[in-house]
>>> print(open('model-v5.cif').read())   # mmCIF, C-alpha atoms and all ligand atoms
data_protein
#
loop_
_atom_site.group_PDB
_atom_site.id
_atom_site.type_symbol
_atom_site.label_atom_id
_atom_site.label_comp_id
_atom_site.auth_asym_id
_atom_site.auth_seq_id
_atom_site.Cartn_x
_atom_site.Cartn_y
_atom_site.Cartn_z
ATOM 1 C CA MET O 1 81.873 227.450 93.217
ATOM 2 C CA ASP O 2 81.222 225.576 96.457
ATOM 3 C CA THR O 3 84.284 223.844 97.816
ATOM 4 C CA PHE O 4 83.866 220.261 96.850
ATOM 5 C CA ASP O 5 80.124 220.402 96.881
ATOM 6 C CA PRO O 6 79.716 216.863 95.586
ATOM 7 C CA HIS O 7 76.144 217.726 94.600
ATOM 8 C CA ASN O 8 77.512 220.412 92.338
ATOM 9 C CA THR O 9 80.155 218.467 90.442
ATOM 10 C CA PRO O 10 79.916 215.852 87.665
ATOM 11 C CA ARG O 11 78.853 212.346 88.686
ATOM 12 C CA ASP O 12 81.423 209.550 88.606
ATOM 13 C CA THR O 13 80.372 207.073 85.907
ATOM 14 C CA LEU O 14 83.917 206.156 84.833
ATOM 15 C CA PHE O 15 83.487 202.440 85.405
ATOM 16 C CA ALA O 16 79.811 202.202 84.429
ATOM 17 C CA GLN O 17 80.489 200.687 81.002
ATOM 18 C CA PRO O 18 82.174 197.302 80.473
ATOM 19 C CA ALA O 19 85.793 197.899 79.485
ATOM 20 C CA GLU O 20 87.664 195.540 77.190
ATOM 21 C CA ALA O 21 91.141 196.387 78.432
ATOM 22 C CA LEU O 22 90.817 197.826 81.922
ATOM 23 C CA GLY O 23 93.980 199.804 82.649
ATOM 24 C CA ALA O 24 95.397 200.478 86.101
ATOM 25 C CA PHE O 25 93.623 203.242 88.023
ATOM 26 C CA GLN O 26 95.201 206.653 87.371
ATOM 27 C CA PHE O 27 94.499 210.109 88.796
ATOM 28 C CA ASP O 28 94.124 211.507 85.298
ATOM 29 C CA GLN O 29 91.849 214.160 83.795
ATOM 30 C CA SER O 30 88.808 211.892 83.765
ATOM 31 C CA VAL O 31 89.201 211.126 87.490
ATOM 32 C CA ALA O 32 89.943 214.762 88.335
ATOM 33 C CA ALA O 33 86.709 215.816 86.612
ATOM 34 C CA VAL O 34 84.540 213.643 88.881
ATOM 35 C CA PHE O 35 86.756 213.342 91.938
ATOM 36 C CA PRO O 36 84.587 215.110 94.581
ATOM 37 C CA ASP O 37 81.670 212.831 93.692
ATOM 38 C CA MET O 38 83.912 209.747 93.448
ATOM 39 C CA ILE O 39 85.542 210.117 96.844
ATOM 40 C CA ARG O 40 82.285 211.081 98.600
ATOM 41 C CA ARG O 41 80.564 207.960 97.271
ATOM 42 C CA SER O 42 83.593 205.696 97.880
ATOM 43 C CA VAL O 43 85.044 206.729 101.255
ATOM 44 C CA PRO O 44 82.696 206.519 104.250
ATOM 45 C CA GLY O 45 83.215 209.468 106.565
ATOM 46 C CA TYR O 46 85.236 211.525 104.090
ATOM 47 C CA GLN O 47 83.480 214.784 104.959
ATOM 48 C CA THR O 48 83.878 214.096 108.691
ATOM 49 C CA ILE O 49 87.577 213.429 108.170
ATOM 50 C CA LEU O 50 87.960 216.753 106.343
ATOM 51 C CA ALA O 51 86.184 218.534 109.210
ATOM 52 C CA GLY O 52 88.482 216.851 111.745
ATOM 53 C CA ILE O 53 91.544 217.860 109.734
ATOM 54 C CA GLY O 54 90.344 221.447 109.975
ATOM 55 C CA GLU O 55 89.809 221.268 113.719
ATOM 56 C CA LEU O 56 93.175 219.590 114.356
ATOM 57 C CA THR O 57 94.894 222.190 112.155
ATOM 58 C CA ALA O 58 93.338 224.964 114.258
ATOM 59 C CA ARG O 59 94.743 223.301 117.378
ATOM 60 C CA TYR O 60 98.271 222.388 116.218
ATOM 61 C CA TRP O 61 99.351 224.986 113.645
ATOM 62 C CA GLN O 62 102.287 227.186 114.725
ATOM 63 C CA PRO O 63 103.007 230.772 113.633
ATOM 64 C CA GLY O 64 105.823 231.091 111.094
ATOM 65 C CA SER O 65 105.588 227.414 110.081
ATOM 66 C CA ARG O 66 104.614 225.521 106.949
ATOM 67 C CA LEU O 67 101.565 223.269 106.679
ATOM 68 C CA TYR O 68 101.583 220.477 104.092
ATOM 69 C CA ASP O 69 98.813 218.660 102.213
ATOM 70 C CA LEU O 70 100.652 215.727 100.587
ATOM 71 C CA GLY O 71 98.685 214.147 97.756
ATOM 72 C CA CYS O 72 96.315 217.109 97.764
ATOM 73 C CA SER O 73 94.178 216.179 94.693
ATOM 74 C CA LEU O 74 91.819 219.146 94.289
ATOM 75 C CA GLY O 75 93.007 220.730 97.554
ATOM 76 C CA ALA O 76 90.059 219.774 99.753
ATOM 77 C CA ALA O 77 92.240 219.274 102.824
ATOM 78 C CA ALA O 78 94.394 222.351 102.157
ATOM 79 C CA LEU O 79 91.319 224.574 101.798
ATOM 80 C CA THR O 80 89.751 223.086 104.926
ATOM 81 C CA MET O 81 92.994 223.695 106.842
ATOM 82 C CA ARG O 82 93.120 227.301 105.658
ATOM 83 C CA ARG O 83 89.488 227.908 106.536
ATOM 84 C CA GLN O 84 90.220 226.956 110.160
ATOM 85 C CA LEU O 85 93.239 229.242 110.540
ATOM 86 C CA PRO O 86 92.920 232.789 111.901
ATOM 87 C CA GLU O 87 92.783 235.224 108.961
ATOM 88 C CA GLU O 88 96.036 236.884 110.081
ATOM 89 C CA ALA O 89 97.861 233.551 110.542
ATOM 90 C CA GLU O 90 101.498 233.833 109.491
ATOM 91 C CA CYS O 91 102.111 230.524 107.741
ATOM 92 C CA THR O 92 102.152 228.932 104.309
ATOM 93 C CA ILE O 93 100.256 225.881 103.100
ATOM 94 C CA VAL O 94 102.149 223.684 100.620
ATOM 95 C CA ALA O 95 99.841 221.405 98.640
ATOM 96 C CA VAL O 96 101.650 218.696 96.659
ATOM 97 C CA ASP O 97 100.406 216.256 94.038
ATOM 98 C CA ASN O 98 102.112 214.459 91.145
ATOM 99 C CA SER O 99 98.977 214.625 88.960
ATOM 100 C CA GLU O 100 98.969 217.684 86.722
ATOM 101 C CA ALA O 101 95.297 217.067 85.995
ATOM 102 C CA MET O 102 94.426 217.253 89.684
ATOM 103 C CA LEU O 103 96.445 220.445 90.202
ATOM 104 C CA VAL O 104 94.816 222.211 87.257
ATOM 105 C CA ARG O 105 91.472 221.823 89.046
ATOM 106 C CA ALA O 106 93.008 222.506 92.462
ATOM 107 C CA ARG O 107 94.128 225.898 91.115
ATOM 108 C CA GLU O 108 90.496 226.713 90.200
ATOM 109 C CA TYR O 109 89.322 225.870 93.697
ATOM 110 C CA VAL O 110 92.142 227.732 95.469
ATOM 111 C CA ASP O 111 91.619 230.829 93.278
ATOM 112 C CA ALA O 112 87.882 230.778 94.018
ATOM 113 C CA TYR O 113 88.547 231.824 97.625
ATOM 114 C CA ARG O 114 90.287 235.002 98.722
ATOM 115 C CA SER O 115 92.693 234.660 101.644
ATOM 116 C CA ASP O 116 95.934 236.251 102.848
ATOM 117 C CA ILE O 117 97.239 232.783 103.669
ATOM 118 C CA PRO O 118 99.010 231.426 100.580
ATOM 119 C CA ILE O 119 98.441 227.893 99.295
ATOM 120 C CA GLU O 120 101.402 226.907 97.135
ATOM 121 C CA LEU O 121 100.448 224.187 94.640
ATOM 122 C CA VAL O 122 103.458 222.002 93.798
ATOM 123 C CA CYS O 123 103.493 219.294 91.133
ATOM 124 C CA ALA O 124 105.963 216.744 92.490
ATOM 125 C CA ASP O 125 106.365 213.275 93.941
ATOM 126 C CA VAL O 126 105.792 213.516 97.695
ATOM 127 C CA CYS O 127 108.769 211.189 98.112
ATOM 128 C CA ASP O 128 111.010 213.906 96.666
ATOM 129 C CA ILE O 129 109.556 217.033 98.282
ATOM 130 C CA PRO O 130 111.489 218.553 101.237
ATOM 131 C CA ILE O 131 109.469 218.775 104.453
ATOM 132 C CA GLU O 132 110.801 221.682 106.547
ATOM 133 C CA ASN O 133 109.653 223.826 109.447
ATOM 134 C CA ALA O 134 106.310 222.029 109.491
ATOM 135 C CA SER O 135 103.659 222.238 112.199
ATOM 136 C CA VAL O 136 100.900 220.277 110.428
ATOM 137 C CA VAL O 137 101.340 217.623 107.708
ATOM 138 C CA VAL O 138 98.282 215.956 106.182
ATOM 139 C CA MET O 139 98.324 212.793 104.074
ATOM 140 C CA ASN O 140 94.637 212.150 103.391
ATOM 141 C CA PHE O 141 94.434 208.819 101.494
ATOM 142 C CA THR O 142 97.815 209.241 99.794
ATOM 143 C CA LEU O 143 100.320 206.891 101.513
ATOM 144 C CA GLN O 144 98.257 203.925 100.263
ATOM 145 C CA PHE O 145 99.344 204.823 96.729
ATOM 146 C CA ILE O 146 103.044 205.038 97.603
ATOM 147 C CA ASP O 147 105.344 202.052 97.013
ATOM 148 C CA PRO O 148 105.277 200.184 100.346
ATOM 149 C CA ALA O 149 109.091 200.022 100.265
ATOM 150 C CA GLN O 150 109.217 203.836 100.288
ATOM 151 C CA ARG O 151 106.625 204.484 103.009
ATOM 152 C CA GLU O 152 108.834 204.394 106.105
ATOM 153 C CA ALA O 153 111.476 206.691 104.594
ATOM 154 C CA LEU O 154 108.754 209.199 103.649
ATOM 155 C CA LEU O 155 107.261 209.091 107.145
ATOM 156 C CA GLN O 156 110.753 209.533 108.634
ATOM 157 C CA ARG O 157 111.282 212.669 106.530
ATOM 158 C CA ILE O 158 107.912 213.982 107.619
ATOM 159 C CA TYR O 159 108.770 213.332 111.274
ATOM 160 C CA ASP O 160 112.200 214.957 110.901
ATOM 161 C CA GLY O 161 110.660 217.992 109.156
ATOM 162 C CA LEU O 162 108.065 218.615 111.861
ATOM 163 C CA ARG O 163 108.604 221.102 114.663
ATOM 164 C CA PRO O 164 108.330 219.732 118.240
ATOM 165 C CA GLY O 165 104.640 219.548 119.039
ATOM 166 C CA GLY O 166 103.845 219.286 115.323
ATOM 167 C CA VAL O 167 101.406 216.719 113.933
ATOM 168 C CA LEU O 168 100.915 214.345 111.034
ATOM 169 C CA ILE O 169 97.291 213.539 110.200
ATOM 170 C CA LEU O 170 97.358 210.275 108.218
ATOM 171 C CA SER O 171 94.141 208.920 106.680
ATOM 172 C CA GLU O 172 94.229 205.531 104.972
ATOM 173 C CA LYS O 173 92.162 202.678 103.672
ATOM 174 C CA ILE O 174 93.173 199.701 105.864
ATOM 175 C CA HIS O 175 92.761 195.927 105.904
ATOM 176 C CA PHE O 176 92.456 193.384 108.732
ATOM 177 C CA ASP O 177 94.555 190.245 109.298
ATOM 178 C CA ASP O 178 91.522 188.533 110.808
ATOM 179 C CA ALA O 179 89.747 187.084 107.745
ATOM 180 C CA ALA O 180 86.333 187.098 109.422
ATOM 181 C CA ILE O 181 86.671 190.769 110.327
ATOM 182 C CA GLN O 182 88.097 191.663 106.878
ATOM 183 C CA ASP O 183 85.141 189.946 105.219
ATOM 184 C CA ALA O 184 82.575 191.672 107.418
ATOM 185 C CA ILE O 185 84.027 195.175 107.046
ATOM 186 C CA GLU O 186 84.610 194.770 103.327
ATOM 187 C CA HIS O 187 80.916 193.887 103.101
ATOM 188 C CA LEU O 188 80.015 197.104 104.914
ATOM 189 C CA HIS O 189 82.154 199.087 102.438
ATOM 190 C CA LEU O 190 80.553 197.389 99.423
ATOM 191 C CA GLN O 191 77.092 198.102 100.867
ATOM 192 C CA PHE O 192 78.159 201.744 101.305
ATOM 193 C CA LYS O 193 79.132 201.962 97.633
ATOM 194 C CA ARG O 194 75.917 200.250 96.530
ATOM 195 C CA ALA O 195 73.853 202.603 98.691
ATOM 196 C CA ASN O 196 75.641 205.475 96.966
ATOM 197 C CA GLY O 197 74.504 204.304 93.567
ATOM 198 C CA TYR O 198 77.486 202.324 92.271
ATOM 199 C CA SER O 199 76.506 199.247 90.214
ATOM 200 C CA GLU O 200 78.052 195.807 90.660
ATOM 201 C CA LEU O 201 79.901 196.376 87.369
ATOM 202 C CA GLU O 202 81.338 199.711 88.558
ATOM 203 C CA ILE O 203 82.402 198.216 91.878
ATOM 204 C CA SER O 204 84.019 195.228 90.203
ATOM 205 C CA GLN O 205 85.817 197.225 87.509
ATOM 206 C CA LYS O 206 87.117 199.829 89.945
ATOM 207 C CA ARG O 207 88.329 197.098 92.290
ATOM 208 C CA SER O 208 90.315 195.552 89.394
ATOM 209 C CA ALA O 209 91.730 198.940 88.369
ATOM 210 C CA LEU O 210 92.885 199.635 91.941
ATOM 211 C CA GLU O 211 94.592 196.247 92.311
ATOM 212 C CA ASN O 212 98.334 196.752 92.929
ATOM 213 C CA VAL O 213 97.748 200.523 92.789
ATOM 214 C CA LEU O 214 96.057 201.055 96.158
ATOM 215 C CA ILE O 215 97.969 198.881 98.644
ATOM 216 C CA THR O 216 96.578 198.865 102.186
ATOM 217 C CA ASP O 217 98.314 198.195 105.500
ATOM 218 C CA THR O 218 96.772 197.065 108.785
ATOM 219 C CA LEU O 219 96.253 199.546 111.598
ATOM 220 C CA ASP O 220 98.939 197.733 113.596
ATOM 221 C CA THR O 221 101.432 198.142 110.754
ATOM 222 C CA HIS O 222 100.685 201.879 110.629
ATOM 223 C CA LEU O 223 100.985 202.299 114.406
ATOM 224 C CA ALA O 224 104.258 200.351 114.688
ATOM 225 C CA ARG O 225 105.836 202.211 111.751
ATOM 226 C CA LEU O 226 104.782 205.640 113.051
ATOM 227 C CA HIS O 227 106.327 204.864 116.441
ATOM 228 C CA ARG O 228 109.495 203.591 114.708
ATOM 229 C CA VAL O 229 110.021 206.888 112.886
ATOM 230 C CA GLY O 230 109.716 208.686 116.232
ATOM 231 C CA PHE O 231 106.151 209.820 116.901
ATOM 232 C CA ALA O 232 105.580 209.800 120.657
ATOM 233 C CA HIS O 233 101.791 209.844 120.468
ATOM 234 C CA VAL O 234 99.798 207.965 117.784
ATOM 235 C CA ALA O 235 96.134 206.938 117.742
ATOM 236 C CA PRO O 236 93.201 206.646 115.363
ATOM 237 C CA TRP O 237 90.886 209.599 115.894
ATOM 238 C CA PHE O 238 88.350 208.398 113.338
ATOM 239 C CA GLN O 239 87.387 205.145 111.641
ATOM 240 C CA ALA O 240 84.501 204.267 109.359
ATOM 241 C CA TYR O 241 84.564 200.656 108.163
ATOM 242 C CA ASN O 242 87.992 200.121 106.490
ATOM 243 C CA PHE O 243 88.893 203.813 106.390
ATOM 244 C CA ALA O 244 90.767 205.371 109.313
ATOM 245 C CA SER O 245 92.499 208.612 110.194
ATOM 246 C CA LEU O 246 95.416 208.724 112.637
ATOM 247 C CA LEU O 247 96.712 211.617 114.727
ATOM 248 C CA CYS O 248 100.497 211.464 115.162
ATOM 249 C CA ILE O 249 102.049 214.043 117.538
ATOM 250 C CA LYS O 250 105.790 214.753 117.617
ATOM 251 C CA GLY O 251 106.927 215.066 121.236
ATOM 252 C CA GLU O 252 108.110 218.426 122.603
ATOM 253 C CA ALA O 253 111.853 219.140 122.288
ATOM 254 C CA PRO O 254 113.757 217.507 125.207
HETATM 255 C C1 LIG V 301 92.778 209.540 97.131
HETATM 256 S S1 LIG V 301 93.619 210.898 96.431
HETATM 257 C C2 LIG V 301 93.889 211.982 97.854
HETATM 258 C C3 LIG V 301 92.665 212.674 98.300
HETATM 259 C C4 LIG V 301 92.922 214.072 98.837
HETATM 260 N N1 LIG V 301 94.072 214.079 99.770
HETATM 261 C C5 LIG V 301 91.679 214.600 99.529
HETATM 262 O O1 LIG V 301 91.668 214.648 100.773
HETATM 263 O O2 LIG V 301 90.722 214.927 98.794
HETATM 264 C C6 LIG V 301 95.313 210.407 96.217
HETATM 265 C C7 LIG V 301 96.129 211.528 95.613
HETATM 266 O O3 LIG V 301 97.510 211.256 95.803
HETATM 267 C C8 LIG V 301 98.201 211.606 94.623
HETATM 268 N N2 LIG V 301 99.449 210.845 94.621
HETATM 269 C C9 LIG V 301 99.597 209.501 94.549
HETATM 270 N N3 LIG V 301 100.901 209.181 94.599
HETATM 271 C C10 LIG V 301 101.600 210.362 94.704
HETATM 272 C C11 LIG V 301 102.979 210.700 94.799
HETATM 273 N N4 LIG V 301 103.938 209.752 94.808
HETATM 274 N N5 LIG V 301 103.326 211.999 94.889
HETATM 275 C C12 LIG V 301 102.374 212.971 94.889
HETATM 276 N N6 LIG V 301 101.038 212.726 94.821
HETATM 277 C C13 LIG V 301 100.674 211.424 94.719
HETATM 278 C C14 LIG V 301 97.255 211.264 93.497
HETATM 279 O O4 LIG V 301 97.566 211.964 92.307
HETATM 280 C C15 LIG V 301 95.912 211.690 94.109
HETATM 281 O O5 LIG V 301 95.604 213.033 93.785
HETATM 282 O O1 LIG V 302 88.458 201.505 97.948
HETATM 283 C C1 LIG V 302 87.771 202.006 97.081
HETATM 284 O O2 LIG V 302 86.887 201.410 96.467
HETATM 285 C C2 LIG V 302 88.012 203.409 96.752
HETATM 286 O O3 LIG V 302 87.446 203.911 95.828
HETATM 287 C C3 LIG V 302 88.989 204.128 97.621
HETATM 288 C C4 LIG V 302 89.593 205.344 96.991
HETATM 289 C C5 LIG V 302 90.658 205.866 97.927
HETATM 290 O O4 LIG V 302 90.705 205.431 99.101
HETATM 291 O O5 LIG V 302 91.471 206.699 97.490
HETATM 292 C C6 LIG V 302 90.240 205.031 95.725
HETATM 293 C C7 LIG V 302 90.280 205.893 94.677
HETATM 294 C C8 LIG V 302 89.623 207.172 94.750
HETATM 295 O O6 LIG V 302 90.610 208.126 95.046
HETATM 296 C C9 LIG V 302 88.593 207.252 95.774
HETATM 297 C C10 LIG V 302 88.601 206.397 96.826
#
>>> encode(input="model-v5.cif", output="structure tokens")
Amino acid sequence: MDTFDPHNTPRDTLFAQPAEALGAFQFDQSVAAVFPDMIRRSVPGYQTILAGIGELTARYWQPGSRLYDLGCSLGAAALTMRRQLPEEAECTIVAVDNSEAMLVRAREYVDAYRSDIPIELVCADVCDIPIENASVVVMNFTLQFIDPAQREALLQRIYDGLRPGGVLILSEKIHFDDAAIQDAIEHLHLQFKRANGYSELEISQKRSALENVLITDTLDTHLARLHRVGFAHVAPWFQAYNFASLLCIKGEAP
């Protein structure tokens, strides 16, 4: 089984048929079954972001620490992190998701690869999970699904749970306050989805399903909030259209 080989997993056709009563988007069994294909065809730069997460993990992990993949889905980020660690690395990766359906498939992927570095799969709300002795925390398109009122408290716990010199890698779908820019970049994203084979019906139905489920912030909102919780160094290291990934470094102990 190739890790998240999107050409080797079922194709996402979940929104291809007109739906009478379109429910809110959920990370259920039907989404888990097609997720690698869905996210590849929906998020520009997703594979590049995973590769960058691996490289940054190799640079910032610390011996004897924990690494976290919060909102891990099928474990793509956790597996990429592990692949970039030295085989003898003394650390543990904690991969958390509140979707049982996602974790059932994550278990298959994790078990498909032998390694002495454990990946603990935890079914829980990331807002409840303790973050302790962490050197690397990844939230790869997860915060956008968290209640906006809970976001700063979660980021504060992540900051507090990081070792000095530790990092948070935060990838998010974003929006722009400038209407002209928002319109132009949203057009680029729609063209990306069309070029990846999604029909107008699929795009429209998924957009409706995600309404009030995926809630974006602006880059400025992210940057200001990350500084407020204490990160000394914050910057986007990658952006493709309305999808960005931020590197947040906790300053060294005084
Ligand atoms: C877009 S997917 C994340 C993609 C994944 N990180 C990757 O890189 O492939 C969002 C994930 O966050 C999970 N999620 C959303 N809210 C959550 C919460 N409060 N606690 C834990 N997981 C959550 C969803 O179940 C879903 O698997
Ligand atoms: O914005 C969209 O159209 C998306 O599909 C984005 C997004 C995401 O950013 O998480 C939404 C749901 C799926 O997890 C895959 C991608």
>>> resolve_selection(input="model-v5.cif", expression="the PyMOL selection byres (((chain O and resi 207) around 12) and not hetatm)", output="list of chain:residue names")
O:Phe15, O:Leu22, O:Gly23, O:Ala24, O:Phe25, O:Ser42, O:Glu186, O:Leu190, O:Lys193, O:Glu200, O:Leu201, O:Glu202, O:Ile203, O:Ser204, O:Gln205, O:Lys206, O:Ser208, O:Ala209, O:Leu210, O:Glu211, O:Asn212, O:Val213, O:Leu214, O:Ile215
>>> residues_around(input="model-v5.cif", residues="Asp12 (chain O)", least_positions_apart="2", cutoff="7 Å", atoms="all atoms listed in the file", output="MDAnalysis selection string")
chainID O and resid 10 14 34 37:38
>>> residues_near_ligand(input="model-v5.cif", ligand="ligand LIG 301 (chain V)", cutoff="8 Å", atoms="all atoms listed in the file", output="ChimeraX atom specification")
/O:26-28,36,39,46,50,69-77,96-99,102,123-127,138-143,145-146
>>> write_last_selection(input="model-v5.cif", atoms="C-alpha atoms", output="short mmCIF file (atom, residue, chain, number, x, y, z; two decimals), keeping the file's coordinate frame")
data_model
loop_
_atom_site.label_atom_id
_atom_site.label_comp_id
_atom_site.auth_asym_id
_atom_site.auth_seq_id
_atom_site.Cartn_x
_atom_site.Cartn_y
_atom_site.Cartn_z
CA GLN O 26 95.20 206.65 87.37
CA PHE O 27 94.50 210.11 88.80
CA ASP O 28 94.12 211.51 85.30
CA PRO O 36 84.59 215.11 94.58
CA ILE O 39 85.54 210.12 96.84
CA TYR O 46 85.24 211.52 104.09
CA LEU O 50 87.96 216.75 106.34
CA ASP O 69 98.81 218.66 102.21
CA LEU O 70 100.65 215.73 100.59
CA GLY O 71 98.68 214.15 97.76
CA CYS O 72 96.32 217.11 97.76
CA SER O 73 94.18 216.18 94.69
CA LEU O 74 91.82 219.15 94.29
CA GLY O 75 93.01 220.73 97.55
CA ALA O 76 90.06 219.77 99.75
CA ALA O 77 92.24 219.27 102.82
CA VAL O 96 101.65 218.70 96.66
CA ASP O 97 100.41 216.26 94.04
CA ASN O 98 102.11 214.46 91.14
CA SER O 99 98.98 214.62 88.96
CA MET O 102 94.43 217.25 89.68
CA CYS O 123 103.49 219.29 91.13
CA ALA O 124 105.96 216.74 92.49
CA ASP O 125 106.36 213.28 93.94
CA VAL O 126 105.79 213.52 97.70
CA CYS O 127 108.77 211.19 98.11
CA VAL O 138 98.28 215.96 106.18
CA MET O 139 98.32 212.79 104.07
CA ASN O 140 94.64 212.15 103.39
CA PHE O 141 94.43 208.82 101.49
CA THR O 142 97.82 209.24 99.79
CA LEU O 143 100.32 206.89 101.51
CA PHE O 145 99.34 204.82 96.73
CA ILE O 146 103.04 205.04 97.60
#
>>> closest_residue(input="model-v5.cif", among="O:Tyr68, O:Ala51, O:Tyr113, O:Ile119", to="Gln84 (chain O)", atoms="all atoms listed in the file")
O:Ala51
>>> residues_around(input="model-v5.cif", residues="Ala134 (chain O)", least_positions_apart="2", cutoff="12 Å", atoms="only C-alpha atoms", output="PyMOL selection string")
chain O and resi 57+60-69+91-94+130-132+136-138+157-168+250
